[in-house]
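**Q** You'll find coords.pdb just under this line, and it carries PDB, C-alpha atoms, pLDDT in the B column.
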ATOM      1  CA  GLY G  12     142.610 272.593 125.514  1.00 45.00           C
ATOM      2  CA  SER G  13     145.844 273.190 123.596  1.00 46.00           C
ATOM      3  CA  GLU G  14     145.882 276.855 124.632  1.00 44.00           C
ATOM      4  CA  SER G  15     145.933 276.041 128.326  1.00 47.00           C
ATOM      5  CA  GLN G  16     148.621 273.400 127.756  1.00 45.00           C
ATOM      6  CA  ASP G  17     150.796 275.899 125.882  1.00 43.00           C
ATOM      7  CA  TRP G  18     150.290 278.408 128.669  1.00 45.00           C
ATOM      8  CA  TRP G  19     151.347 275.760 131.199  1.00 48.00           C
ATOM      9  CA  VAL G  20     154.540 274.941 129.290  1.00 45.00           C
ATOM     10  CA  VAL G  21     155.526 278.605 128.988  1.00 42.00           C
ATOM     11  CA  SER G  22     154.693 279.290 132.623  1.00 50.00           C
ATOM     12  CA  CYS G  23     156.751 276.363 133.865  1.00 52.00           C
ATOM     13  CA  SER G  24     159.724 277.432 131.768  1.00 49.00           C
ATOM     14  CA  LEU G  25     159.633 280.587 133.880  1.00 46.00           C
ATOM     15  CA  CYS G  26     158.999 278.718 137.133  1.00 54.00           C
ATOM     16  CA  THR G  27     162.150 279.914 138.863  1.00 53.00           C
ATOM     17  CA  CYS G  28     161.188 283.526 138.257  1.00 46.00           C
ATOM     18  CA  TYR G  29     157.635 282.956 139.474  1.00 48.00           C
ATOM     19  CA  PHE G  30     158.773 281.105 142.549  1.00 50.00           C
ATOM     20  CA  LEU G  31     161.288 283.737 143.570  1.00 49.00           C
ATOM     21  CA  LYS G  32     158.740 286.472 143.019  1.00 45.00           C
ATOM     22  CA  GLN G  33     155.938 284.818 144.968  1.00 52.00           C
ATOM     23  CA  LYS G  34     156.166 287.165 147.945  1.00 51.00           C
ATOM     24  CA  LEU G  35     156.572 290.182 145.700  1.00 43.00           C
ATOM     25  CA  ILE G  36     153.342 289.313 143.875  1.00 48.00           C
ATOM     26  CA  MET G  37     151.518 288.951 147.178  1.00 52.00           C
ATOM     27  CA  VAL G  38     152.759 292.337 148.394  1.00 47.00           C
ATOM     28  CA  CYS G  39     152.268 294.307 145.188  1.00 44.00           C
ATOM     29  CA  SER G  40     149.045 292.853 143.892  1.00 53.00           C
ATOM     30  CA  GLY G  41     147.264 291.551 146.939  1.00 57.00           C
ATOM     31  CA  ILE G  42     146.042 287.973 146.549  1.00 66.00           C
ATOM     32  CA  PRO G  43     147.021 286.790 143.032  1.00 71.00           C
ATOM     33  CA  HIS G  44     144.637 285.111 140.609  1.00 80.00           C
ATOM     34  CA  PRO G  45     144.250 281.385 141.477  1.00 86.00           C
ATOM     35  CA  ARG G  46     145.732 280.411 138.135  1.00 87.00           C
ATOM     36  CA  ILE G  47     148.894 282.398 138.852  1.00 82.00           C
ATOM     37  CA  LEU G  48     149.092 281.037 142.381  1.00 84.00           C
ATOM     38  CA  GLY G  49     148.592 277.521 141.018  1.00 87.00           C
ATOM     39  CA  THR G  50     151.488 277.981 138.606  1.00 85.00           C
ATOM     40  CA  ILE G  51     153.765 279.284 141.345  1.00 83.00           C
ATOM     41  CA  ARG G  52     152.910 276.401 143.664  1.00 87.00           C
ATOM     42  CA  ALA G  53     153.163 273.730 140.948  1.00 89.00           C
ATOM     43  CA  CYS G  54     156.557 274.980 139.820  1.00 86.00           C
ATOM     44  CA  GLY G  55     157.680 275.131 143.449  1.00 86.00           C
ATOM     45  CA  GLY G  56     156.551 271.516 143.844  1.00 90.00           C
ATOM     46  CA  LYS G  57     158.589 270.507 140.806  1.00 90.00           C
ATOM     47  CA  MET G  58     161.684 272.181 142.198  1.00 86.00           C
ATOM     48  CA  TYR G  59     161.224 270.464 145.553  1.00 90.00           C
ATOM     49  CA  MET G  60     160.879 267.130 143.728  1.00 91.00           C
ATOM     50  CA  HIS G  61     164.143 267.799 141.901  1.00 88.00           C
ATOM     51  CA  GLU G  62     165.803 268.415 145.284  1.00 87.00           C
ATOM     52  CA  GLY G  63     164.284 265.281 146.830  1.00 92.00           C
ATOM     53  CA  GLU G  64     162.179 267.318 149.281  1.00 93.00           C
ATOM     54  CA  TRP G  65     159.166 265.047 148.857  1.00 94.00           C
ATOM     55  CA  LYS G  66     157.035 266.365 151.729  1.00 92.00           C
ATOM     56  CA  LYS G  67     157.471 269.993 150.678  1.00 92.00           C
ATOM     57  CA  ALA G  68     156.666 269.018 147.107  1.00 93.00           C
ATOM     58  CA  ARG G  69     153.516 267.266 148.299  1.00 93.00           C
ATOM     59  CA  GLU G  70     152.376 270.381 150.132  1.00 92.00           C
ATOM     60  CA  ASP G  71     153.001 272.627 147.127  1.00 91.00           C
ATOM     61  CA  PHE G  72     151.230 270.298 144.699  1.00 94.00           C
ATOM     62  CA  PHE G  73     148.195 270.190 146.966  1.00 94.00           C
ATOM     63  CA  GLU G  74     148.080 273.981 147.149  1.00 92.00           C
ATOM     64  CA  ALA G  75     148.523 274.120 143.359  1.00 92.00           C
ATOM     65  CA  PHE G  76     145.643 271.683 142.925  1.00 94.00           C
ATOM     66  CA  LYS G  77     143.361 273.790 145.105  1.00 94.00           C
ATOM     67  CA  ALA G  78     144.269 276.967 143.221  1.00 93.00           C
ATOM     68  CA  PHE G  79     143.729 275.386 139.796  1.00 94.00           C
ATOM     69  CA  ASP G  80     140.489 273.846 141.003  1.00 94.00           C
ATOM     70  CA  GLU G  81     139.271 277.274 142.080  1.00 93.00           C
ATOM     71  CA  ALA G  82     140.279 278.659 138.665  1.00 92.00           C
ATOM     72  CA  GLY G  83     138.489 275.806 136.869  1.00 92.00           C
ATOM     73  CA  SER G  84     141.757 274.790 135.186  1.00 92.00           C
ATOM     74  CA  PRO G  85     142.274 271.234 133.872  1.00 91.00           C
ATOM     75  CA  MET G  86     145.763 271.386 135.381  1.00 93.00           C
ATOM     76  CA  ARG G  87     144.183 270.350 138.697  1.00 93.00           C
ATOM     77  CA  ILE G  88     144.263 266.702 137.534  1.00 93.00           C
ATOM     78  CA  GLN G  89     147.942 266.980 136.651  1.00 92.00           C
ATOM     79  CA  CYS G  90     148.728 268.404 140.075  1.00 94.00           C
ATOM     80  CA  LEU G  91     146.796 265.612 141.795  1.00 94.00           C
ATOM     81  CA  LYS G  92     148.898 263.060 139.892  1.00 93.00           C
ATOM     82  CA  TYR G  93     152.079 264.809 140.960  1.00 94.00           C
ATOM     83  CA  LEU G  94     150.758 264.970 144.513  1.00 94.00           C
ATOM     84  CA  LEU G  95     150.318 261.190 144.552  1.00 93.00           C
ATOM     85  CA  ILE G  96     153.871 260.677 143.270  1.00 94.00           C
ATOM     86  CA  ALA G  97     155.288 262.993 145.943  1.00 95.00           C
ATOM     87  CA  ASN G  98     153.214 261.170 148.547  1.00 93.00           C
ATOM     88  CA  MET G  99     154.657 257.812 147.470  1.00 93.00           C
ATOM     89  CA  LEU G 100     158.247 259.049 147.526  1.00 94.00           C
ATOM     90  CA  SER G 101     157.770 260.670 150.935  1.00 90.00           C
ATOM     91  CA  SER G 102     156.470 257.332 152.285  1.00 81.00           C
ATOM     92  CA  GLY G 103     153.444 259.277 153.372  1.00 69.00           C
ATOM     93  CA  GLU G 104     150.461 257.446 154.779  1.00 70.00           C
ATOM     94  CA  ILE G 105     148.269 260.500 154.305  1.00 74.00           C
ATOM     95  CA  ASP G 106     145.345 259.954 151.953  1.00 80.00           C
ATOM     96  CA  PRO G 107     145.199 263.086 149.786  1.00 81.00           C
ATOM     97  CA  PHE G 108     141.599 262.291 148.947  1.00 84.00           C
ATOM     98  CA  GLU G 109     140.438 262.779 152.500  1.00 84.00           C
ATOM     99  CA  ALA G 110     140.403 266.476 151.634  1.00 84.00           C
ATOM    100  CA  PRO G 111     136.907 267.509 150.472  1.00 87.00           C
ATOM    101  CA  GLU G 112     138.379 269.428 147.518  1.00 88.00           C
ATOM    102  CA  ALA G 113     140.011 266.276 146.124  1.00 88.00           C
ATOM    103  CA  LYS G 114     137.242 263.712 146.687  1.00 88.00           C
ATOM    104  CA  PRO G 115     135.228 264.550 143.539  1.00 90.00           C
ATOM    105  CA  TYR G 116     138.217 263.610 141.363  1.00 91.00           C
ATOM    106  CA  LYS G 117     138.772 260.078 142.692  1.00 89.00           C
ATOM    107  CA  SER G 118     136.741 258.666 139.800  1.00 89.00           C
ATOM    108  CA  ASP G 119     138.779 260.453 137.114  1.00 91.00           C
ATOM    109  CA  PRO G 120     140.398 257.724 134.920  1.00 89.00           C
ATOM    110  CA  GLU G 121     143.916 259.209 135.239  1.00 88.00           C
ATOM    111  CA  ILE G 122     143.567 259.556 138.997  1.00 91.00           C
ATOM    112  CA  GLU G 123     142.167 256.029 139.354  1.00 91.00           C
ATOM    113  CA  THR G 124     145.281 254.649 137.636  1.00 91.00           C
ATOM    114  CA  MET G 125     147.596 256.643 139.903  1.00 91.00           C
ATOM    115  CA  MET G 126     145.649 255.546 142.970  1.00 91.00           C
ATOM    116  CA  MET G 127     146.090 251.876 141.988  1.00 92.00           C
ATOM    117  CA  LEU G 128     149.816 252.528 141.589  1.00 92.00           C
ATOM    118  CA  HIS G 129     149.829 254.293 144.964  1.00 92.00           C
ATOM    119  CA  SER G 130     148.101 251.299 146.580  1.00 91.00           C
ATOM    120  CA  ALA G 131     150.605 248.809 145.121  1.00 94.00           C
ATOM    121  CA  TYR G 132     153.453 251.042 146.304  1.00 93.00           C
ATOM    122  CA  GLN G 133     152.151 251.240 149.870  1.00 91.00           C
ATOM    123  CA  LYS G 134     151.613 247.458 149.998  1.00 93.00           C
ATOM    124  CA  ASN G 135     155.151 246.792 148.645  1.00 93.00           C
ATOM    125  CA  ASN G 136     153.518 244.754 145.883  1.00 94.00           C
ATOM    126  CA  ILE G 137     156.141 244.841 143.142  1.00 94.00           C
ATOM    127  CA  ARG G 138     154.205 242.505 140.831  1.00 93.00           C
ATOM    128  CA  ASP G 139     151.111 244.723 140.772  1.00 94.00           C
ATOM    129  CA  PHE G 140     153.291 247.834 140.535  1.00 94.00           C
ATOM    130  CA  ASP G 141     155.163 246.541 137.463  1.00 93.00           C
ATOM    131  CA  ALA G 142     151.965 245.200 135.889  1.00 93.00           C
ATOM    132  CA  LEU G 143     150.329 248.624 136.184  1.00 91.00           C
ATOM    133  CA  LEU G 144     153.347 250.338 134.637  1.00 90.00           C
ATOM    134  CA  LYS G 145     153.107 248.011 131.645  1.00 89.00           C
ATOM    135  CA  ARG G 146     149.322 248.073 131.302  1.00 87.00           C
ATOM    136  CA  LYS G 147     148.907 251.814 131.843  1.00 84.00           C
ATOM    137  CA  LYS G 148     152.213 252.955 130.392  1.00 79.00           C
ATOM    138  CA  THR G 149     150.802 255.931 128.482  1.00 78.00           C
ATOM    139  CA  SER G 150     148.813 257.232 131.425  1.00 78.00           C
ATOM    140  CA  ILE G 151     151.689 256.933 133.916  1.00 83.00           C
ATOM    141  CA  THR G 152     154.900 257.478 131.987  1.00 80.00           C
ATOM    142  CA  GLY G 153     153.486 259.512 129.101  1.00 81.00           C
ATOM    143  CA  ASP G 154     154.072 262.626 131.181  1.00 84.00           C
ATOM    144  CA  ALA G 155     157.737 263.669 130.990  1.00 86.00           C
ATOM    145  CA  PHE G 156     157.794 264.889 134.597  1.00 88.00           C
ATOM    146  CA  THR G 157     156.163 261.731 135.973  1.00 89.00           C
ATOM    147  CA  SER G 158     158.508 259.464 134.011  1.00 89.00           C
ATOM    148  CA  MET G 159     161.509 261.042 135.783  1.00 91.00           C
ATOM    149  CA  TYR G 160     160.490 259.394 139.063  1.00 93.00           C
ATOM    150  CA  VAL G 161     159.160 256.016 137.906  1.00 92.00           C
ATOM    151  CA  GLU G 162     162.497 254.204 138.310  1.00 92.00           C
ATOM    152  CA  GLU G 163     163.022 255.634 141.789  1.00 93.00           C
ATOM    153  CA  MET G 164     159.541 254.511 142.841  1.00 94.00           C
ATOM    154  CA  ARG G 165     160.113 251.045 141.341  1.00 94.00           C
ATOM    155  CA  ARG G 166     163.437 250.705 143.170  1.00 95.00           C
ATOM    156  CA  ASN G 167     161.806 251.696 146.466  1.00 95.00           C
ATOM    157  CA  VAL G 168     159.087 249.075 145.997  1.00 95.00           C
ATOM    158  CA  ARG G 169     161.657 246.414 145.115  1.00 96.00           C
ATOM    159  CA  LEU G 170     163.721 247.184 148.211  1.00 96.00           C
ATOM    160  CA  ALA G 171     160.656 247.034 150.456  1.00 95.00           C
ATOM    161  CA  ALA G 172     159.337 243.865 148.781  1.00 95.00           C
ATOM    162  CA  LEU G 173     162.770 242.225 149.061  1.00 96.00           C
ATOM    163  CA  ALA G 174     162.977 243.027 152.771  1.00 94.00           C
ATOM    164  CA  ASP G 175     159.446 241.655 153.295  1.00 94.00           C
ATOM    165  CA  SER G 176     160.344 238.448 151.422  1.00 94.00           C
ATOM    166  CA  ALA G 177     163.533 237.896 153.429  1.00 93.00           C
ATOM    167  CA  ARG G 178     162.354 238.639 156.974  1.00 91.00           C
ATOM    168  CA  PRO G 179     160.354 235.427 157.636  1.00 90.00           C
ATOM    169  CA  PHE G 180     163.479 233.317 157.052  1.00 89.00           C
ATOM    170  CA  CYS G 181     166.625 232.589 159.036  1.00 88.00           C
ATOM    171  CA  ARG G 182     168.513 231.470 155.927  1.00 89.00           C
ATOM    172  CA  VAL G 183     167.248 231.944 152.410  1.00 92.00           C
ATOM    173  CA  SER G 184     168.572 231.489 148.888  1.00 93.00           C
ATOM    174  CA  ILE G 185     169.288 234.753 147.075  1.00 94.00           C
ATOM    175  CA  GLY G 186     168.046 233.104 143.892  1.00 94.00           C
ATOM    176  CA  TYR G 187     164.677 232.537 145.541  1.00 94.00           C
ATOM    177  CA  LEU G 188     164.480 236.173 146.687  1.00 94.00           C
ATOM    178  CA  ALA G 189     165.379 237.376 143.189  1.00 95.00           C
ATOM    179  CA  GLN G 190     162.565 235.276 141.758  1.00 94.00           C
ATOM    180  CA  GLU G 191     160.118 236.653 144.323  1.00 94.00           C
ATOM    181  CA  ILE G 192     160.673 240.262 143.223  1.00 94.00           C
ATOM    182  CA  GLY G 193     161.255 239.534 139.542  1.00 93.00           C
ATOM    183  CA  VAL G 194     164.909 240.557 139.138  1.00 94.00           C
ATOM    184  CA  ARG G 195     168.191 238.850 138.249  1.00 94.00           C
ATOM    185  CA  LYS G 196     170.235 237.401 141.109  1.00 93.00           C
ATOM    186  CA  GLU G 197     172.992 240.004 140.633  1.00 93.00           C
ATOM    187  CA  GLU G 198     170.489 242.822 141.075  1.00 94.00           C
ATOM    188  CA  ALA G 199     169.002 241.123 144.144  1.00 94.00           C
ATOM    189  CA  VAL G 200     172.493 241.014 145.682  1.00 94.00           C
ATOM    190  CA  ASN G 201     172.962 244.741 145.058  1.00 94.00           C
ATOM    191  CA  LEU G 202     169.562 245.531 146.570  1.00 95.00           C
ATOM    192  CA  LEU G 203     170.324 243.357 149.608  1.00 95.00           C
ATOM    193  CA  ARG G 204     173.571 245.244 150.150  1.00 94.00           C
ATOM    194  CA  VAL G 205     171.630 248.510 150.193  1.00 95.00           C
ATOM    195  CA  LEU G 206     169.168 247.107 152.758  1.00 95.00           C
ATOM    196  CA  ILE G 207     172.012 245.840 154.958  1.00 94.00           C
ATOM    197  CA  LEU G 208     174.030 249.083 154.757  1.00 94.00           C
ATOM    198  CA  ASP G 209     170.902 251.113 155.574  1.00 93.00           C
ATOM    199  CA  GLU G 210     170.254 248.730 158.500  1.00 91.00           C
ATOM    200  CA  ARG G 211     166.810 247.942 157.160  1.00 91.00           C
ATOM    201  CA  LEU G 212     167.732 244.269 157.210  1.00 92.00           C
ATOM    202  CA  LYS G 213     169.956 242.738 159.886  1.00 91.00           C
ATOM    203  CA  ALA G 214     171.720 240.093 157.859  1.00 91.00           C
ATOM    204  CA  HIS G 215     174.806 239.256 155.831  1.00 90.00           C
ATOM    205  CA  ILE G 216     175.410 237.642 152.472  1.00 91.00           C
ATOM    206  CA  HIS G 217     177.208 234.295 152.330  1.00 85.00           C
ATOM    207  CA  GLY G 218     178.688 234.578 148.856  1.00 74.00           C
ATOM    208  CA  LYS G 219     179.979 231.003 148.597  1.00 74.00           C
ATOM    209  CA  ASP G 220     176.511 229.473 148.945  1.00 70.00           C
ATOM    210  CA  ASP G 221     174.542 232.437 147.522  1.00 87.00           C
ATOM    211  CA  MET G 222     172.619 232.598 150.753  1.00 91.00           C
ATOM    212  CA  LEU G 223     171.308 235.445 152.872  1.00 92.00           C
ATOM    213  CA  ILE G 224     171.888 234.752 156.561  1.00 91.00           C
ATOM    214  CA  LEU G 225     169.744 236.788 158.915  1.00 89.00           C
ATOM    215  CA  ASP G 226     171.147 237.713 162.323  1.00 85.00           C
ATOM    216  CA  LYS G 227     168.262 236.025 164.103  1.00 69.00           C
ATOM    217  CA  TRP G 228     169.482 232.702 162.665  1.00 50.00           C
ATOM    218  CA  GLU G 229     172.928 233.033 164.228  1.00 48.00           C
ATOM    219  CA  ASN G 230     171.386 233.841 167.612  1.00 47.00           C
ATOM    220  CA  SER G 231     168.659 231.202 167.444  1.00 47.00           C
ATOM    221  CA  SER G 232     168.626 227.924 169.391  1.00 52.00           C
ATOM    222  CA  THR G 233     168.493 226.004 166.096  1.00 51.00           C
ATOM    223  CA  ALA G 234     171.682 227.641 164.871  1.00 47.00           C
ATOM    224  CA  LYS G 235     173.422 226.990 168.202  1.00 50.00           C
ATOM    225  CA  ALA G 236     172.340 223.348 168.108  1.00 51.00           C
ATOM    226  CA  ALA G 237     173.566 223.007 164.513  1.00 49.00           C
ATOM    227  CA  GLN G 238     176.900 224.572 165.451  1.00 50.00           C
ATOM    228  CA  GLY G 239     177.196 222.233 168.441  1.00 54.00           C
ATOM    229  CA  LEU G 240     176.560 219.232 166.220  1.00 54.00           C
ATOM    230  CA  ALA G 241     179.150 220.449 163.722  1.00 49.00           C
ATOM    231  CA  ASN G 242     181.724 220.824 166.509  1.00 55.00           C
ATOM    232  CA  GLN G 243     180.999 217.264 167.696  1.00 62.00           C
ATOM    233  CA  LEU G 244     181.457 215.889 164.179  1.00 54.00           C
ATOM    234  CA  VAL G 245     184.822 217.669 163.897  1.00 54.00           C
ATOM    235  CA  LYS G 246     185.938 216.094 167.196  1.00 60.00           C
ATOM    236  CA  ILE G 247     184.829 212.618 166.082  1.00 61.00           C
ATOM    237  CA  GLU G 248     186.612 213.021 162.743  1.00 56.00           C
ATOM    238  CA  SER G 249     189.813 214.068 164.563  1.00 59.00           C
ATOM    239  CA  ALA G 250     189.613 211.101 166.932  1.00 57.00           C
ATOM    240  CA  VAL G 251     189.114 208.657 164.048  1.00 55.00           C
ATOM    241  CA  LEU G 252     192.049 210.109 162.100  1.00 57.00           C
ATOM    242  CA  ARG G 253     194.356 209.775 165.156  1.00 60.00           C
ATOM    243  CA  ARG G 254     193.582 206.053 165.412  1.00 65.00           C
ATOM    244  CA  LEU G 255     194.362 205.358 161.791  1.00 60.00           C
ATOM    245  CA  PRO G 256     197.796 203.774 161.155  1.00 59.00           C
TER     246      PRO G 256
END
Show me this structure written as structure tokens.
**A**
Amino acid sequence: GSESQDWWVVSCSLCTCYFLKQKLIMVCSGIPHPRILGTIRACGGKMYMHEGEWKKAREDFFEAFKAFDEAGSPMRIQCLKYLLIANMLSSGEIDPFEAPEAKPYKSDPEIETMMMLHSAYQKNNIRDFDALLKRKKTSITGDAFTSMYVEEMRRNVRLAALADSARPFCRVSIGYLAQEIGVRKEEAVNLLRVLILDERLKAHIHGKDDMLILDKWENSSTAKAAQGLANQLVKIESAVLRRLP
């Protein structure tokens, strides 16, 4: 209830102190109460998220979930949600619900929503991802901590979806790619530059024609044949011009 929520807010405001004192608590008091251990682990997970250490955050949130579950605290659901976010950002293919402790909570409405978001993220399905964010806005972004990472997750899905949309082609219109992932052409260009600089997409942008040219096109037999034909046309044009008075 409200009392446990207030306790959570106060505890997390002191998270740095708890985290730094984790070993001291273990030494001085033996094994701490699960609720205390859960708070320490959850706050540690939040700090790792802030630092971009997604895998470490995932581990801490899972330990926090187990501790809160043992204590019978409703904060276990919150930690499972955070665990799923950390799992997405770490590009983890691990299913957190393979763990026997987590399985009973798969049917929780808040967890079901996050699992659908997780599925869309893993499939690089930007349309489903955005639709879920709009349809389940309160459940997903109503939490201040969760909302901090929504834009980063959306950007990751857009980059992956853009790369998936471009790869089947040798040459493709940037306008078409922008339409495929639901962004303006200018944003698609910026995202393509990121993919190219990160070497996730071997291609270059032909600004004059607003085209993306993939490297496989330039090395393909079709491209070589097209270039050969273009060279022949240039030679013919030159010959014709020389014969003109």
**Q** Counting all atoms listed in the file, figure out which residue out of G:Lys134, G:Lys114, G:His61, G:Lys145 gets nearest to Ser102 (chain G).
**A**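 Checking each of G:Lys134, G:Lys114, G:His61, G:Lys145 against Ser102 (chain G), counting all atoms listed in the file, the winner is G:Lys134.
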**Q** Which one of G:Glu81, G:Gln89, G:Leu206, G:Pro45 sits closest to Ala155 (chain G) if you count all atoms listed in the file?
**A**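 Checking each candidate against Ala155 (chain G), we get G:Gln89 as the closest.
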**Q** Separation of CA of Leu100 (chain G) and CA of Asp141 (chain G), in Å?
**A**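 Result for CA of Leu100 (chain G) versus CA of Asp141 (chain G): 16.3 Å, one decimal.
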**Q** Would you mind listing, for every residue of region 76-156 of chain G within 12 Å of region 179-198 of chain G, the two atoms forming the shortest contact and the distance between them in Å to one decimal, using all atoms listed in the file, sorted by chain and ascending residue number, as CSV?
**A**
residue,atom,partner,partner_atom,distance
G:Asn135,CA,G:Ile192,CA,10.1
G:Asn136,CA,G:Ile192,CA,8.9
G:Ile137,CA,G:Ile192,CA,6.4
G:Arg138,CA,G:Ile192,CA,7.3
G:Asp139,CA,G:Ile192,CA,10.8
G:Phe140,CA,G:Ile192,CA,10.9
G:Asp141,CA,G:Gly193,CA,9.5
G:Ala142,CA,G:Gly193,CA,11.5
**Q** Would you compute the distance between CA of Asp226 (chain G) and CA of Leu173 (chain G)? Give it in Å to one decimal.
**A** 16.3 Å
**Q** Given the PyMOL selection byres ((chain G and resi 74) around 12) and the file above, list the residues it selects as an mmCIF file with C-alpha atoms, keeping the file's coordinate frame.
**A**
data_model
loop_
_atom_site.group_PDB
_atom_site.id
_atom_site.type_symbol
_atom_site.label_atom_id
_atom_site.label_comp_id
_atom_site.auth_asym_id
_atom_site.auth_seq_id
_atom_site.Cartn_x
_atom_site.Cartn_y
_atom_site.Cartn_z
ATOM 1 C CA PRO G 45 144.250 281.385 141.477
ATOM 2 C CA ARG G 46 145.732 280.411 138.135
ATOM 3 C CA ILE G 47 148.894 282.398 138.852
ATOM 4 C CA LEU G 48 149.092 281.037 142.381
ATOM 5 C CA GLY G 49 148.592 277.521 141.018
ATOM 6 C CA THR G 50 151.488 277.981 138.606
ATOM 7 C CA ILE G 51 153.765 279.284 141.345
ATOM 8 C CA ARG G 52 152.910 276.401 143.664
ATOM 9 C CA ALA G 53 153.163 273.730 140.948
ATOM 10 C CA CYS G 54 156.557 274.980 139.820
ATOM 11 C CA GLY G 55 157.680 275.131 143.449
ATOM 12 C CA GLY G 56 156.551 271.516 143.844
ATOM 13 C CA LYS G 67 157.471 269.993 150.678
ATOM 14 C CA ALA G 68 156.666 269.018 147.107
ATOM 15 C CA ARG G 69 153.516 267.266 148.299
ATOM 16 C CA GLU G 70 152.376 270.381 150.132
ATOM 17 C CA ASP G 71 153.001 272.627 147.127
ATOM 18 C CA PHE G 72 151.230 270.298 144.699
ATOM 19 C CA PHE G 73 148.195 270.190 146.966
ATOM 20 C CA ALA G 75 148.523 274.120 143.359
ATOM 21 C CA PHE G 76 145.643 271.683 142.925
ATOM 22 C CA LYS G 77 143.361 273.790 145.105
ATOM 23 C CA ALA G 78 144.269 276.967 143.221
ATOM 24 C CA PHE G 79 143.729 275.386 139.796
ATOM 25 C CA ASP G 80 140.489 273.846 141.003
ATOM 26 C CA GLU G 81 139.271 277.274 142.080
ATOM 27 C CA ARG G 87 144.183 270.350 138.697
ATOM 28 C CA CYS G 90 148.728 268.404 140.075
ATOM 29 C CA LEU G 91 146.796 265.612 141.795
ATOM 30 C CA TYR G 93 152.079 264.809 140.960
ATOM 31 C CA LEU G 94 150.758 264.970 144.513
ATOM 32 C CA PRO G 107 145.199 263.086 149.786
ATOM 33 C CA ALA G 110 140.403 266.476 151.634
ATOM 34 C CA GLU G 112 138.379 269.428 147.518
ATOM 35 C CA ALA G 113 140.011 266.276 146.124
#
**Q** Report, in Å with one decimal, the straight-line distance from CA of Ala171 (chain G) to CA of Asp209 (chain G).
**A**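 CA of Asp209 (chain G) lies 12.2 Å from CA of Ala171 (chain G).
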**Q** Evaluate the PyMOL selection byres ((chain G and resi 224) around 6) here and jot the selected residues down as a list of chain:residue names.
**A**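 For this structure, the PyMOL selection byres ((chain G and resi 224) around 6) resolves to G:Arg182, G:Ala214, G:His215, G:Leu223, G:Leu225.
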**Q** Pick out the closest residue to Phe156 (chain G) from this set: G:Leu143, G:Ile96, G:Glu104, G:Gly83. Count only C-alpha atoms.
**A** G:Ile96
**Q** Applying the PyMOL selection byres ((chain G and resi 121) around 10) to the file I just gave you, which residues come out? Please list them as a list in words.
**A**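 This file gives the following for the PyMOL selection byres ((chain G and resi 121) around 10): Ile88, Gln89, Leu91, Lys92, Tyr116, Lys117, Ser118, Asp119, Pro120, Ile122, Glu123, Thr124, Met125, Met126, Lys147, Ser150 and Ile151 of chain G.
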